[in-house]
Amino acid sequence: MAGRHGFDARWGDAVSWGARLMRGFIRAVDAINYRLGRVAMYGIFALMAVLLWSSVSKTFFLPSLWTLEMAQFVMVGYYILGGPYAMQMGSHVRMDLIYGEWSPERKAGVDRITIWFLIVYLAVLLYGAVGSTAYSLGYWKSEPFSFFLGLLTGAEQVGRLERSSSAWRPYMWPVKAVMILGFFLMLLQCFSELFKDILRRRGEVIA
């Protein structure tokens with residue numbers, strides 16, 4: 001019996017320690033994505049300014065070459081960097097025909113299973129973004145992560161930078177780097193939501 005009680009105590013300590021780690025992860029990730037999301041939401045005004053200048057330049061001056069692609073780049077940043085914030089706030093589109101009537105505990109039980117589909121999907125997108133960014137920096141092989149590691153250690157060098165085929169011809173690596181950051185933060189937010197669901201299933205209240 002003493003051994004059994006000792007095992008139960010160690011198991012309880014391990015569960016409590018794991019819960020503390022999850023709560024710490026949730027606080028850190030939510031704080032980062034909340035602040036970044038609050039900044040990214042003002043990107044809509046930058047987008048409006050670019051489109052306004054596009055209209056003015058076409059009406060009164062020579063059309064600017066950069067406005068169309070710049071609007072696309074701003075939209076990418078607005079959408080990608082705002083995604084984790086939207087997930088945190090529960091602002092994404094969801095059909096609640098059945099789900100909306102469930103209890104918070106039941107929702108948490110289902111969400112902690114279905115969120116793995118989103119995690120796998122985002123992991124694939126992140127891998128593609130890393131490969132595309134490596135290509136934009138002049139790396140044409142099939143191991144993009146080793147390329148970036150090589151940049152840090154000095155074993156690799158930046159090659160010929162990819163540029164758009166438009167008349168403006170901007171470099172493509174900045175917007176692709178934003179995609180890496182956005183997908184990575186979205187993955188972190190997915191794990192934050194997963195940990196919230198696990199804690200909710202244990203009866204804890206998550207703000």
# chains A, B, ... in the order shown; residues from 1 in each chain; ligands from 1

call {"tool": "residues_around", "arguments": {"residues": "segment 199-203 of chain A", "least_positions_apart": "4", "cutoff": "12 Å", "atoms": "only C-alpha atoms", "output": "ChimeraX atom specification"}}
result
/A:15-16,18-23,26,103-112,192-195,207

call {"tool": "write_last_selection", "arguments": {"atoms": "C-alpha atoms", "output": "short mmCIF file (atom, residue, chain, number, x, y, z; two decimals), in the first residue's frame"}}
result
data_model
loop_
_atom_site.label_atom_id
_atom_site.label_comp_id
_atom_site.auth_asym_id
_atom_site.auth_seq_id
_atom_site.Cartn_x
_atom_site.Cartn_y
_atom_site.Cartn_z
CA VAL A 15 0.55 15.68 -13.86
CA SER A 16 0.72 18.92 -11.87
CA GLY A 18 2.85 19.04 -16.85
CA ALA A 19 -0.15 21.29 -16.24
CA ARG A 20 2.14 24.10 -15.09
CA LEU A 21 4.24 23.71 -18.24
CA MET A 22 1.13 23.84 -20.42
CA ARG A 23 -0.15 26.94 -18.65
CA ILE A 26 -0.26 29.07 -23.22
CA SER A 103 -20.96 21.80 -23.49
CA PRO A 104 -17.47 23.38 -23.16
CA GLU A 105 -16.08 20.04 -21.94
CA ARG A 106 -17.44 18.15 -24.94
CA LYS A 107 -16.18 20.82 -27.34
CA ALA A 108 -12.75 20.55 -25.76
CA GLY A 109 -12.79 16.76 -26.14
CA VAL A 110 -13.59 16.98 -29.86
CA ASP A 111 -11.28 19.92 -30.52
CA ARG A 112 -8.23 18.21 -29.08
CA SER A 192 -1.76 26.46 -27.21
CA GLU A 193 -5.39 25.70 -28.08
CA LEU A 194 -4.71 21.97 -27.71
CA PHE A 195 -3.29 22.49 -24.22
CA ALA A 207 -9.55 32.59 -19.51
#

call {"tool": "residues_around", "arguments": {"residues": "Tyr121 of chain A", "least_positions_apart": "5", "cutoff": "12 Å", "atoms": "only C-alpha atoms", "output": "PyMOL selection string"}}
result
chain A and resi 114-116+126-128+183-184+186-187+190

call {"tool": "write_last_selection", "arguments": {"atoms": "C-alpha atoms", "output": "short mmCIF file (atom, residue, chain, number, x, y, z; two decimals), in the first residue's frame"}}
result
data_model
loop_
_atom_site.label_atom_id
_atom_site.label_comp_id
_atom_site.auth_asym_id
_atom_site.auth_seq_id
_atom_site.Cartn_x
_atom_site.Cartn_y
_atom_site.Cartn_z
CA THR A 114 -9.67 17.56 -34.75
CA ILE A 115 -6.97 20.16 -34.18
CA TRP A 116 -4.36 17.57 -35.20
CA LEU A 126 5.50 25.57 -43.09
CA TYR A 127 7.77 23.09 -44.85
CA GLY A 128 6.68 24.49 -48.21
CA PHE A 183 2.78 29.53 -40.23
CA PHE A 184 5.16 28.92 -37.33
CA MET A 186 -0.05 29.53 -36.15
CA LEU A 187 1.41 26.13 -35.25
CA CYS A 190 -2.62 25.37 -32.37
#

call {"tool": "atom_distance", "arguments": {"atom1": "atom CA of Gly37 of chain A", "atom2": "atom CA of Ala86 of chain A"}}
result
7.8 Å

call {"tool": "residues_around", "arguments": {"residues": "segment 164-168 of chain A", "least_positions_apart": "2", "cutoff": "7 Å", "atoms": "only C-alpha atoms", "output": "PyMOL selection string"}}
result
chain A and resi 65-66+162+170-172

call {"tool": "closest_residue", "arguments": {"among": "A:Val120, A:Leu149, A:Val29, A:Leu161", "to": "Ser136 of chain A", "atoms": "only C-alpha atoms"}}
result
A:Leu161

call {"tool": "atom_distance", "arguments": {"atom1": "atom CA of Met179 of chain A", "atom2": "atom CA of Val74 of chain A"}}
result
11.7 Å

call {"tool": "residues_around", "arguments": {"residues": "Phe147 of chain A", "least_positions_apart": "6", "cutoff": "9 Å", "atoms": "only C-alpha atoms", "output": "ChimeraX atom specification"}}
result
/A:134,139,141,155-157

call {"tool": "atom_distance", "arguments": {"atom1": "atom CA of Ala123 of chain A", "atom2": "atom CA of Gln189 of chain A"}}
result
12.6 Å

call {"tool": "closest_residue", "arguments": {"among": "A:Leu188, A:Ala31, A:Leu137, A:Leu125", "to": "Arg163 of chain A", "atoms": "only C-alpha atoms"}}
result
A:Leu137

call {"tool": "residues_around", "arguments": {"residues": "Leu68 of chain A", "least_positions_apart": "4", "cutoff": "12 Å", "atoms": "only C-alpha atoms", "output": "ChimeraX atom specification"}}
result
/A:47-55,58,63-64,72-75,166-170

call {"tool": "write_last_selection", "arguments": {"atoms": "N, CA and C atoms", "output": "CSV table (one decimal), in the first residue's frame"}}
result
chain,number,residue,atom,x,y,z
A,47,LEU,N,-2.9,48.7,-46.5
A,47,LEU,CA,-3.5,48.2,-47.7
A,47,LEU,C,-4.4,49.3,-48.4
A,48,MET,N,-5.2,49.9,-47.6
A,48,MET,CA,-6.1,51.0,-48.1
A,48,MET,C,-5.3,52.1,-48.7
A,49,ALA,N,-4.1,52.5,-48.0
A,49,ALA,CA,-3.3,53.6,-48.5
A,49,ALA,C,-2.7,53.2,-49.9
A,50,VAL,N,-2.2,52.0,-50.0
A,50,VAL,CA,-1.6,51.6,-51.3
A,50,VAL,C,-2.6,51.6,-52.4
A,51,LEU,N,-3.8,51.1,-52.1
A,51,LEU,CA,-4.9,51.0,-53.2
A,51,LEU,C,-5.3,52.5,-53.5
A,52,LEU,N,-5.4,53.3,-52.5
A,52,LEU,CA,-5.8,54.7,-52.8
A,52,LEU,C,-4.8,55.4,-53.7
A,53,TRP,N,-3.5,55.2,-53.3
A,53,TRP,CA,-2.4,55.8,-54.2
A,53,TRP,C,-2.5,55.2,-55.6
A,54,SER,N,-2.8,53.9,-55.7
A,54,SER,CA,-2.9,53.3,-57.0
A,54,SER,C,-4.0,54.0,-57.9
A,55,SER,N,-5.1,54.3,-57.2
A,55,SER,CA,-6.2,55.0,-57.9
A,55,SER,C,-5.8,56.4,-58.3
A,58,LYS,N,-3.2,56.5,-61.1
A,58,LYS,CA,-3.7,56.1,-62.4
A,58,LYS,C,-4.6,57.3,-63.0
A,63,PRO,N,0.7,55.7,-64.0
A,63,PRO,CA,0.4,54.6,-63.0
A,63,PRO,C,1.7,54.1,-62.4
A,64,SER,N,1.6,53.8,-61.1
A,64,SER,CA,2.8,53.3,-60.4
A,64,SER,C,3.0,51.8,-60.6
A,72,GLN,N,-0.6,43.2,-52.7
A,72,GLN,CA,-0.6,41.7,-52.5
A,72,GLN,C,0.3,41.3,-51.3
A,73,PHE,N,1.4,42.0,-51.2
A,73,PHE,CA,2.3,41.6,-50.1
A,73,PHE,C,1.8,42.1,-48.8
A,74,VAL,N,1.2,43.3,-48.7
A,74,VAL,CA,0.6,43.7,-47.5
A,74,VAL,C,-0.6,42.8,-47.1
A,75,MET,N,-1.4,42.4,-48.0
A,75,MET,CA,-2.5,41.5,-47.7
A,75,MET,C,-2.0,40.1,-47.2
A,166,SER,N,7.4,40.7,-62.7
A,166,SER,CA,6.7,41.9,-63.1
A,166,SER,C,7.7,43.0,-63.5
A,167,ALA,N,7.1,44.1,-64.0
A,167,ALA,CA,7.9,45.3,-64.3
A,167,ALA,C,8.7,45.8,-63.1
A,168,TRP,N,8.0,45.8,-62.0
A,168,TRP,CA,8.7,46.3,-60.7
A,168,TRP,C,9.8,45.4,-60.3
A,169,ARG,N,9.7,44.1,-60.4
A,169,ARG,CA,10.7,43.1,-60.0
A,169,ARG,C,11.2,43.2,-58.6
A,170,PRO,N,10.3,43.1,-57.6
A,170,PRO,CA,10.8,43.1,-56.2
A,170,PRO,C,11.4,41.8,-55.8

call {"tool": "residues_around", "arguments": {"residues": "Thr133 of chain A", "least_positions_apart": "4", "cutoff": "8 Å", "atoms": "only C-alpha atoms", "output": "VMD selection string"}}
result
chain A and resid 129 137 173 176 to 177

call {"tool": "write_last_selection", "arguments": {"atoms": "N, CA and C atoms", "output": "PDB file, in the first residue's frame"}}
result
ATOM      1  N   ALA A 129       6.827  26.679 -47.141  1.00  0.00           N
ATOM      2  CA  ALA A 129       7.290  28.065 -47.033  1.00  0.00           C
ATOM      3  C   ALA A 129       8.798  28.131 -46.830  1.00  0.00           C
ATOM      4  N   LEU A 137      16.321  32.612 -51.934  1.00  0.00           N
ATOM      5  CA  LEU A 137      17.664  33.047 -51.532  1.00  0.00           C
ATOM      6  C   LEU A 137      18.753  32.353 -52.351  1.00  0.00           C
ATOM      7  N   TRP A 173      12.039  37.220 -51.199  1.00  0.00           N
ATOM      8  CA  TRP A 173      12.317  36.588 -49.910  1.00  0.00           C
ATOM      9  C   TRP A 173      11.633  37.273 -48.722  1.00  0.00           C
ATOM     10  N   LYS A 176       8.099  35.888 -48.349  1.00  0.00           N
ATOM     11  CA  LYS A 176       8.158  34.457 -48.041  1.00  0.00           C
ATOM     12  C   LYS A 176       8.624  34.223 -46.606  1.00  0.00           C
ATOM     13  N   ALA A 177       9.512  35.087 -46.118  1.00  0.00           N
ATOM     14  CA  ALA A 177       9.926  34.996 -44.716  1.00  0.00           C
ATOM     15  C   ALA A 177       8.750  35.297 -43.787  1.00  0.00           C
TER      16      ALA A 177
END

call {"tool": "select_by_dssp", "arguments": {"residues": "segment 74-156 of chain A", "states": "alpha helix (DSSP H)", "output": "MDAnalysis selection string"}}
result
chainID A and resid 74:89 104:136 144:153

call {"tool": "closest_residue", "arguments": {"among": "A:Met41, A:Val175, A:Ile113, A:Gly138", "to": "Gly159 of chain A", "atoms": "only C-alpha atoms"}}
result
A:Gly138

call {"tool": "closest_residue", "arguments": {"among": "A:Ile180, A:Pro174, A:Tyr42, A:Phe60", "to": "Val124 of chain A", "atoms": "only C-alpha atoms"}}
result
A:Ile180
